[in-house]
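With TSV, C-alpha atoms and all ligand atoms inside, this is query.tsv:
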```
chain	number	residue	atom	x	y	z
A	30	MET	CA	84.33	105.74	99.59
A	31	SER	CA	87.37	103.62	100.48
A	32	LYS	CA	90.88	104.98	100.84
A	33	VAL	CA	93.93	103.10	99.58
A	34	LEU	CA	97.43	104.32	100.42
A	35	VAL	CA	100.15	103.32	97.98
A	36	LEU	CA	103.73	103.10	99.25
A	37	PRO	CA	105.88	102.30	96.21
A	38	GLY	CA	109.11	102.10	98.26
A	39	ASP	CA	112.48	101.26	96.69
A	40	GLY	CA	114.09	99.33	93.85
A	41	ILE	CA	111.47	97.85	91.53
A	42	GLY	CA	108.72	99.03	93.94
A	43	PRO	CA	107.69	102.10	91.90
A	44	GLU	CA	107.48	100.17	88.58
A	45	ILE	CA	105.43	97.30	89.91
A	46	THR	CA	103.04	99.45	91.95
A	47	THR	CA	102.44	101.66	88.90
A	48	GLU	CA	101.18	98.63	86.97
A	49	ALA	CA	99.15	97.43	89.96
A	50	ILE	CA	97.41	100.80	90.23
A	51	ARG	CA	96.61	100.77	86.50
A	52	VAL	CA	94.95	97.42	87.14
A	53	LEU	CA	93.07	98.86	90.14
A	54	ASP	CA	91.88	101.71	87.90
A	55	ALA	CA	90.64	99.17	85.37
A	56	VAL	CA	88.49	97.31	87.93
A	57	LYS	CA	87.32	100.62	89.41
A	58	ALA	CA	85.96	101.56	85.99
A	59	LYS	CA	84.51	98.14	85.26
A	60	PHE	CA	82.74	97.64	88.59
A	61	ASP	CA	82.07	101.31	89.34
A	62	LEU	CA	84.05	101.24	92.61
A	63	ASP	CA	84.50	104.35	94.73
A	64	ILE	CA	88.15	104.10	95.78
A	65	GLU	CA	90.49	107.02	96.40
A	66	VAL	CA	94.22	106.44	95.97
A	67	ASP	CA	96.90	108.44	97.77
A	68	TYR	CA	100.70	108.03	97.88
A	69	GLY	CA	103.38	108.08	100.57
A	70	LEU	CA	107.05	107.42	101.21
A	71	VAL	CA	108.56	104.49	103.09
A	72	GLY	CA	111.94	102.78	103.30
A	73	GLY	CA	114.95	104.12	101.42
A	74	SER	CA	112.92	106.64	99.46
A	75	ALA	CA	111.71	108.12	102.77
A	76	ILE	CA	115.26	108.15	104.14
A	77	GLU	CA	116.36	110.22	101.13
A	78	GLU	CA	113.54	112.73	101.54
A	79	HIS	CA	113.01	112.87	105.33
A	80	GLY	CA	116.01	111.13	106.87
A	81	CYS	CA	113.94	108.31	108.39
A	82	PRO	CA	112.34	105.15	106.95
A	83	LEU	CA	108.84	105.80	108.31
A	84	PRO	CA	107.96	109.54	108.39
A	85	VAL	CA	105.14	110.69	110.68
A	86	GLU	CA	103.19	111.83	107.63
A	87	THR	CA	103.27	108.32	106.14
A	88	MET	CA	102.12	106.77	109.42
A	89	GLU	CA	99.24	109.25	109.63
A	90	LYS	CA	98.15	108.48	106.08
A	91	ALA	CA	98.45	104.76	106.81
A	92	ARG	CA	96.22	105.07	109.87
A	93	ALA	CA	93.60	106.97	107.88
A	94	ALA	CA	93.56	104.47	104.99
A	95	ASP	CA	91.34	101.39	104.71
A	96	ALA	CA	94.13	99.46	103.05
A	97	ILE	CA	97.75	99.92	102.01
A	98	LEU	CA	99.56	98.65	98.95
A	99	LEU	CA	103.32	98.42	99.38
A	100	GLY	CA	105.89	97.75	96.66
A	101	ALA	CA	109.15	96.80	98.35
A	102	VAL	CA	111.78	98.38	100.58
A	103	GLY	CA	115.55	98.23	100.89
A	104	GLY	CA	118.67	98.28	98.75
A	105	PRO	CA	122.48	98.29	98.94
A	106	LYS	CA	122.52	102.07	99.22
A	107	TRP	CA	121.15	101.86	102.77
A	108	ASP	CA	122.75	98.59	103.93
A	109	HIS	CA	125.45	100.36	105.94
A	110	LEU	CA	122.96	102.22	108.14
A	111	GLU	CA	122.46	101.25	111.78
A	112	MET	CA	119.51	98.94	112.45
A	113	ALA	CA	117.05	101.63	113.64
A	114	ARG	CA	117.48	103.70	110.47
A	115	ARG	CA	117.40	101.00	107.85
A	116	PRO	CA	114.59	100.85	105.23
A	117	GLU	CA	113.32	97.55	106.74
A	118	LYS	CA	112.44	99.46	109.92
A	119	GLY	CA	109.81	101.32	107.89
A	120	LEU	CA	108.10	98.04	107.10
A	121	LEU	CA	108.39	96.73	110.65
A	122	GLY	CA	107.11	100.04	112.01
A	123	LEU	CA	104.01	99.87	109.80
A	124	ARG	CA	103.31	96.27	110.82
A	125	ALA	CA	103.67	97.02	114.53
A	126	GLY	CA	102.09	100.50	114.48
A	127	LEU	CA	98.98	99.28	112.67
A	128	ASN	CA	98.77	96.00	114.61
A	129	LEU	CA	98.94	93.91	111.44
A	130	PHE	CA	99.48	90.66	113.30
A	131	ALA	CA	98.17	88.17	110.75
A	132	ASN	CA	100.34	87.68	107.69
A	133	LEU	CA	98.75	85.54	104.98
A	134	ARG	CA	101.17	84.13	102.44
A	135	PRO	CA	99.56	81.85	99.91
A	136	ALA	CA	101.82	79.65	97.77
A	137	ILE	CA	99.93	78.60	94.69
A	138	LEU	CA	101.37	76.90	91.66
A	139	TYR	CA	99.78	78.17	88.49
A	140	PRO	CA	99.38	75.15	86.18
A	141	GLN	CA	100.73	77.32	83.33
A	142	LEU	CA	104.00	77.73	85.26
A	143	ALA	CA	104.54	74.12	86.40
A	144	GLU	CA	107.90	74.03	84.63
A	145	ALA	CA	109.22	77.03	86.54
A	146	SER	CA	109.63	75.08	89.81
A	147	THR	CA	112.96	73.49	90.64
A	148	LEU	CA	111.00	70.56	92.09
A	149	LYS	CA	109.58	67.71	90.02
A	150	PRO	CA	106.17	68.57	88.51
A	151	GLU	CA	104.47	65.65	90.32
A	152	VAL	CA	105.67	67.02	93.68
A	153	VAL	CA	104.27	70.52	93.14
A	154	SER	CA	101.48	70.32	90.55
A	155	GLY	CA	98.24	71.59	92.06
A	156	LEU	CA	100.07	73.05	95.05
A	157	ASP	CA	97.86	75.41	97.06
A	158	ILE	CA	99.01	76.16	100.59
A	159	LEU	CA	98.52	79.10	102.89
A	160	ILE	CA	101.16	80.08	105.41
A	161	ILE	CA	99.90	82.25	108.26
A	162	ARG	CA	102.76	84.01	109.99
A	163	GLU	CA	102.45	85.95	113.25
A	164	LEU	CA	103.82	89.35	112.29
A	165	THR	CA	103.99	91.73	115.24
A	166	GLY	CA	105.59	89.67	118.00
A	167	GLY	CA	108.12	86.96	118.69
A	168	ILE	CA	111.85	87.44	118.36
A	169	TYR	CA	111.42	90.27	115.83
A	170	PHE	CA	110.05	92.58	118.52
A	171	GLY	CA	111.02	90.97	121.84
A	172	GLU	CA	112.83	93.07	124.47
A	173	PRO	CA	115.52	93.26	125.67
A	174	ARG	CA	117.59	93.28	122.51
A	175	GLY	CA	120.92	94.68	121.51
A	176	VAL	CA	124.67	94.22	121.55
A	177	ARG	CA	126.49	94.73	124.84
A	178	ALA	CA	130.10	94.60	126.02
A	179	LEU	CA	130.98	91.89	128.52
A	180	GLU	CA	133.42	92.43	131.37
A	181	ASN	CA	136.21	90.75	129.46
A	182	GLY	CA	135.68	93.20	126.60
A	183	GLU	CA	134.03	90.67	124.32
A	184	LYS	CA	130.77	91.74	122.68
A	185	GLU	CA	127.54	89.78	123.03
A	186	GLY	CA	124.45	90.11	120.84
A	187	PHE	CA	121.03	89.17	122.19
A	188	ASN	CA	117.36	89.07	121.26
A	189	THR	CA	114.32	87.86	123.14
A	190	TYR	CA	111.88	85.28	121.87
A	191	VAL	CA	108.62	86.01	123.64
A	192	TYR	CA	104.91	85.33	123.03
A	193	ARG	CA	101.93	86.01	125.24
A	194	GLU	CA	98.95	83.67	125.33
A	195	SER	CA	96.74	86.41	123.87
A	196	GLU	CA	99.08	86.88	120.90
A	197	ILE	CA	99.16	83.15	120.20
A	198	ARG	CA	95.40	82.89	120.57
A	199	ARG	CA	94.57	85.65	118.07
A	200	ILE	CA	96.88	84.32	115.35
A	201	GLY	CA	95.68	80.79	116.12
A	202	ARG	CA	92.09	81.90	115.68
A	203	ALA	CA	92.88	83.55	112.35
A	204	ALA	CA	94.49	80.29	111.22
A	205	PHE	CA	91.64	78.03	112.34
A	206	GLU	CA	89.14	80.34	110.63
A	207	ALA	CA	91.17	80.28	107.42
A	208	ALA	CA	91.51	76.47	107.53
A	209	ARG	CA	87.76	76.16	108.02
A	210	LYS	CA	87.16	78.15	104.82
A	211	ARG	CA	89.70	76.06	102.84
A	212	GLY	CA	90.64	72.39	103.11
A	213	GLY	CA	89.93	72.06	106.85
A	214	ARG	CA	93.49	71.13	107.83
A	215	LEU	CA	95.86	73.17	109.99
A	216	CYS	CA	99.49	72.43	110.81
A	217	SER	CA	101.04	74.45	113.64
A	218	VAL	CA	104.81	74.80	113.49
A	219	ASP	CA	106.97	75.27	116.61
A	220	LYS	CA	110.16	74.14	118.30
A	221	ALA	CA	108.49	72.75	121.41
A	222	ASN	CA	111.28	70.21	121.93
A	223	VAL	CA	113.70	73.03	122.81
A	224	LEU	CA	112.01	76.42	123.32
A	225	GLU	CA	109.62	77.08	126.24
A	226	VAL	CA	107.91	79.90	124.38
A	227	THR	CA	106.77	77.40	121.77
A	228	VAL	CA	105.70	74.86	124.40
A	229	LEU	CA	103.21	77.56	125.38
A	230	TRP	CA	102.43	78.14	121.69
A	231	ARG	CA	101.50	74.47	121.29
A	232	GLU	CA	99.37	74.46	124.46
A	233	VAL	CA	97.37	77.50	123.39
A	234	ILE	CA	96.80	76.11	119.89
A	235	GLU	CA	95.65	72.76	121.39
A	236	GLU	CA	93.24	74.59	123.67
A	237	LEU	CA	91.83	76.59	120.75
A	238	ALA	CA	91.37	73.43	118.69
A	239	LYS	CA	88.48	72.41	120.96
A	240	GLU	CA	86.46	75.26	119.43
A	241	TYR	CA	87.20	74.01	115.92
A	242	PRO	CA	86.34	70.28	115.91
A	243	ASP	CA	85.82	70.48	112.13
A	244	VAL	CA	89.48	71.44	111.58
A	245	GLU	CA	92.08	68.69	111.63
A	246	LEU	CA	95.06	69.96	113.64
A	247	SER	CA	98.64	68.68	113.49
A	248	HIS	CA	101.95	69.93	114.89
A	249	LEU	CA	105.44	69.88	113.43
A	250	TYR	CA	108.80	71.04	114.69
A	251	VAL	CA	110.14	73.74	112.41
A	252	ASP	CA	113.11	71.72	111.13
A	253	ASN	CA	110.82	68.87	110.13
A	254	ALA	CA	108.35	71.35	108.61
A	255	ALA	CA	111.09	72.77	106.39
A	256	MET	CA	112.00	69.25	105.29
A	257	GLN	CA	108.37	68.27	104.62
A	258	LEU	CA	107.81	71.45	102.60
A	259	VAL	CA	110.40	70.41	100.05
A	260	ARG	CA	109.75	66.64	100.33
A	261	ALA	CA	105.95	66.55	99.99
A	262	PRO	CA	104.44	70.06	100.09
A	263	LYS	CA	100.98	68.99	98.99
A	264	GLN	CA	100.36	67.37	102.40
A	265	PHE	CA	99.74	70.91	103.73
A	266	ASP	CA	96.63	73.07	103.61
A	267	VAL	CA	97.13	75.91	106.15
A	268	MET	CA	100.28	76.31	108.26
A	269	VAL	CA	100.51	78.67	111.24
A	270	THR	CA	103.69	79.75	112.97
A	271	GLY	CA	105.55	82.57	114.71
A	272	ASN	CA	107.26	85.54	113.15
A	273	MET	CA	110.76	84.21	112.45
A	274	PHE	CA	109.84	80.63	111.52
A	275	GLY	CA	107.17	82.10	109.24
A	276	ASP	CA	109.70	84.38	107.56
A	277	ILE	CA	111.86	81.40	106.68
A	278	LEU	CA	109.17	78.86	105.79
A	279	SER	CA	107.28	81.32	103.59
A	280	ASP	CA	110.34	81.95	101.40
A	281	CYS	CA	110.78	78.22	101.14
A	282	ALA	CA	107.12	77.72	100.20
A	283	ALA	CA	107.30	80.57	97.70
A	284	MET	CA	110.16	78.93	95.86
A	285	LEU	CA	108.20	75.67	95.51
A	286	THR	CA	106.11	77.52	92.97
A	287	GLY	CA	109.27	78.45	91.10
A	288	SER	CA	108.14	82.00	90.71
A	289	ILE	CA	108.40	84.26	93.71
A	290	GLY	CA	107.37	87.02	91.27
A	291	MET	CA	103.83	85.61	91.36
A	292	LEU	CA	103.08	85.60	95.07
A	293	PRO	CA	101.02	88.25	96.89
A	294	SER	CA	100.58	88.64	100.64
A	295	ALA	CA	98.23	90.27	103.11
A	296	SER	CA	98.96	91.55	106.62
A	297	LEU	CA	95.75	92.08	108.55
A	298	ASP	CA	94.65	93.57	111.85
A	299	GLU	CA	91.71	92.50	114.00
A	300	ASN	CA	89.26	94.35	111.72
A	301	ASN	CA	90.66	93.22	108.36
A	302	LYS	CA	92.35	96.51	107.69
A	303	GLY	CA	95.46	95.44	105.87
A	304	MET	CA	98.71	96.06	104.12
A	305	TYR	CA	99.30	94.17	100.90
A	306	GLU	CA	102.64	93.49	99.28
A	307	PRO	CA	104.38	91.09	96.95
A	308	VAL	CA	106.38	88.41	98.78
A	309	HIS	CA	109.50	89.25	96.78
A	310	GLY	CA	111.89	92.07	97.61
A	311	SER	CA	113.03	95.30	95.96
A	312	ALA	CA	115.40	93.58	93.46
A	313	PRO	CA	117.81	96.56	93.18
A	314	ASP	CA	119.81	94.74	90.48
A	315	ILE	CA	116.97	95.10	87.97
A	316	ALA	CA	115.36	98.32	89.25
A	317	GLY	CA	114.40	100.94	86.67
A	318	GLN	CA	114.79	98.56	83.73
A	319	ASN	CA	111.11	97.83	83.13
A	320	ILE	CA	111.72	94.07	83.29
A	321	ALA	CA	110.38	93.14	86.76
A	322	ASN	CA	107.33	90.92	87.07
A	323	PRO	CA	104.38	93.05	88.31
A	324	LEU	CA	102.01	90.09	88.79
A	325	ALA	CA	102.64	89.54	92.53
A	326	THR	CA	101.76	93.20	93.17
A	327	ILE	CA	98.75	93.00	90.87
A	328	LEU	CA	97.59	89.88	92.74
A	329	SER	CA	98.16	91.81	96.00
A	330	VAL	CA	95.57	94.31	94.76
A	331	ALA	CA	93.16	91.40	94.32
A	332	MET	CA	93.77	90.35	97.95
A	333	LEU	CA	93.29	93.98	99.05
A	334	LEU	CA	89.92	94.16	97.32
A	335	ARG	CA	88.83	90.82	98.76
A	336	TYR	CA	89.97	91.14	102.39
A	337	SER	CA	89.88	94.85	103.21
A	338	LEU	CA	87.32	96.33	100.82
A	339	GLY	CA	84.94	93.38	100.51
A	340	GLU	CA	84.95	93.59	96.70
A	341	ALA	CA	85.17	89.88	95.86
A	342	GLU	CA	83.88	90.30	92.32
A	343	ALA	CA	86.63	92.77	91.39
A	344	ALA	CA	89.21	90.53	93.08
A	345	ASP	CA	88.01	87.54	91.06
A	346	ALA	CA	88.26	89.61	87.88
A	347	ILE	CA	91.92	90.46	88.55
A	348	GLU	CA	92.82	86.84	89.33
A	349	ALA	CA	91.05	85.65	86.20
A	350	ALA	CA	92.85	88.29	84.14
A	351	VAL	CA	96.24	87.14	85.46
A	352	SER	CA	95.40	83.55	84.61
A	353	SER	CA	94.31	84.68	81.15
A	354	VAL	CA	97.59	86.49	80.38
A	355	LEU	CA	99.45	83.33	81.43
A	356	ASP	CA	97.19	81.34	79.08
A	357	GLN	CA	98.18	83.80	76.35
A	358	GLU	CA	101.76	82.64	77.07
A	359	LEU	CA	102.98	86.10	78.03
A	360	ARG	CA	105.90	85.92	80.47
A	361	THR	CA	108.29	88.33	82.16
A	362	GLY	CA	111.92	87.17	82.25
A	363	ASP	CA	111.70	85.49	85.68
A	364	ILE	CA	108.98	83.06	84.55
A	365	MET	CA	110.00	82.79	80.90
A	366	SER	CA	109.99	79.37	79.29
A	367	GLU	CA	110.41	78.09	75.76
A	368	GLY	CA	107.65	78.85	73.30
A	369	CYS	CA	106.30	81.78	75.33
A	370	ARG	CA	106.50	85.48	74.47
A	371	GLN	CA	108.71	87.58	76.73
A	372	VAL	CA	107.22	90.90	77.80
A	373	ASN	CA	108.37	93.76	80.02
A	374	THR	CA	106.76	95.19	83.14
A	375	ARG	CA	104.58	97.70	81.28
A	376	GLN	CA	103.48	95.20	78.63
A	377	MET	CA	102.48	92.74	81.35
A	378	GLY	CA	100.44	95.49	83.02
A	379	ASP	CA	98.86	96.34	79.63
A	380	ALA	CA	97.90	92.71	79.08
A	381	VAL	CA	96.20	92.40	82.50
A	382	VAL	CA	94.33	95.69	81.97
A	383	ALA	CA	93.20	94.49	78.53
A	384	ALA	CA	92.04	91.16	79.95
A	385	ILE	CA	89.96	92.96	82.58
A	386	ALA	CA	88.37	95.27	80.02
A	387	GLY	CA	87.59	91.99	78.21
B	1	LIG	C1	109.54	89.57	104.77
B	1	LIG	C2	110.88	90.24	104.79
B	1	LIG	C3	110.97	91.16	105.99
B	1	LIG	C4	110.86	90.29	107.23
B	1	LIG	C5	112.22	92.06	106.05
B	1	LIG	C6	112.38	92.87	104.78
B	1	LIG	C7	112.21	92.93	107.25
B	1	LIG	O1	111.89	89.28	104.76
B	1	LIG	O2	108.52	90.29	104.71
B	1	LIG	O3	109.48	88.34	104.81
B	1	LIG	O4	111.85	89.72	107.69
B	1	LIG	O5	109.76	90.18	107.75
B	2	MG	MG	111.19	87.29	104.47
```

Can you turn what I pasted into structure tokens?
Ligand code: IPM
Ligand code: MG
Amino acid sequence: MSKVLVLPGDGIGPEITTEAIRVLDAVKAKFDLDIEVDYGLVGGSAIEEHGCPLPVETMEKARAADAILLGAVGGPKWDHLEMARRPEKGLLGLRAGLNLFANLRPAILYPQLAEASTLKPEVVSGLDILIIRELTGGIYFGEPRGVRALENGEKEGFNTYVYRESEIRRIGRAAFEAARKRGGRLCSVDKANVLEVTVLWREVIEELAKEYPDVELSHLYVDNAAMQLVRAPKQFDVMVTGNMFGDILSDCAAMLTGSIGMLPSASLDENNKGMYEPVHGSAPDIAGQNIANPLATILSVAMLLRYSLGEAEAADAIEAAVSSVLDQELRTGDIMSEGCRQVNTRQMGDAVVAAIAG
């Protein structure tokens, strides 16, 4: 039996995870899967109940689970809190505490949604890239960090951008392995013209490349990479980069598809235990209205089945069902276009469940 922990979180999190779990139930029934689902609190919802964004109980459940499905965290209600108590700390604590160093963020343009992109169709049609972001190191976690008072009374904020060879090597390896299974091309993104830490990054990636002669490796500085992503995104297959650059580039890549509501992600440890979440946030402005797009969370369940539970057939079935509801021209508001039928969160979930039942 496999154990899945669901952390609905804040904002639209509860609505979209509810639909995703209905979809999981549908594939459980269809493929006779033995999966137990449990629930926990994280982010703002945990702050309300326990006064902290990542309660010990949640961390214990997370450690015991084979995989975690997370909705989204954060909202204006908690924006005034000090850094250590904010909902986002719950997410960062899970990533660090479970050693989920490899963040996979695919950006795929569904042909049915080609019109949703702000870029010209010929620039993005057929887009299929995978951004691999290092998730437990770099400037997000580097010490020392803080805000201190200088002698003249002025305040100074500081963070530390640090990577060890071993951290670079393990994310590099994950990226080379992924590139090998896809188009065989890997682009490593750094700022080696300015930052020593990324000079080391580039050296370690170069060294690793010798073990992967079948993968074509290139390097880009992060500013150029951002430009190339909007100029000619189809030149990329797999991109690998550090925590902060990956945060920025993956939002950029997500928007190329025009529909951030469609993109799932996986954060994996050394043994493919993982946490799965939609790339989009908690969207507090539309929370509780039953209008959010649940497809990114539903597709996150597909990734969970594929990477952590080894159930490729069930994962394929979910992805095919999502494609089928798009073919049926059902759309939530964020991906709506002329001639299609607008549906709400629940109706979208219903349609995917129906497509799986076939
Ligand atoms: C992401 C988010 C998070 C990050 C925030 C919510 C802490 O932007 O997953 O990309 O910066 O990693
Ligand atoms: Mg981000």

Show me which residues are within 7 Å of ligand LIG 1 (chain B) counting only C-alpha atoms and all ligand atoms, and format the list as a compact mmCIF listing (two decimals) with C-alpha atoms, in the frame of the given file.
```txt
# COMPACT_ATOMS: atom_id res chain seq x y z
CA VAL A 102 111.78 98.38 100.58
CA GLU A 117 113.32 97.55 106.74
CA LEU A 120 108.10 98.04 107.10
CA LEU A 121 108.39 96.73 110.65
CA ASP A 276 109.70 84.38 107.56
CA VAL A 308 106.38 88.41 98.78
```

Selection: 9 Å around A:Val152, all atoms listed in the file, excl. self and same-chain fewer than 6 positions, as a VMD selection string: chain A and resid 259 to 263

I need the chosen residues saved as a PDB file, in the coordinates of the input, with C-alpha atoms.
```
ATOM      1  CA  VAL A 259     110.400  70.410 100.050  1.00  0.00           C
ATOM      2  CA  ARG A 260     109.750  66.640 100.330  1.00  0.00           C
ATOM      3  CA  ALA A 261     105.950  66.550  99.990  1.00  0.00           C
ATOM      4  CA  PRO A 262     104.440  70.060 100.090  1.00  0.00           C
ATOM      5  CA  LYS A 263     100.980  68.990  98.990  1.00  0.00           C
TER       6      LYS A 263
END
```

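Nearest residue to A:Leu355 among A:Leu142, A:Val176, A:Ile289, A:Ile160 is A:Leu142, counting only C-alpha atoms.
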
List every protein, DNA or RNA residue that has an atom no more than 8 Å from (95.7, 70.7, 96.2) in the file's coordinate frame, counting all atoms listed in the file, and report them as a list of chain:residue names. A:Gly155, A:Leu156, A:Asp157, A:Ile158, A:Lys263, A:Asp266

Choose the residue, out of A:Leu249, A:Ala312, A:Leu159, A:Val267, that has the smallest atom-to-atom separation from A:Phe205; count all atoms listed in the file. A:Val267

Between atom CA of A:Leu338 and atom CA of A:Ser31, measure the distance and give it in Å to one decimal.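 Going from atom CA of A:Leu338 over to atom CA of A:Ser31, I get 7.3 Å.
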
Please provide the set of residues having any atom within 12 Å of A:Val223, restricted to all atoms listed in the file, with same-chain residues fewer than 5 positions apart removed, written as number ranges by chain. A: 228-229, 250-252
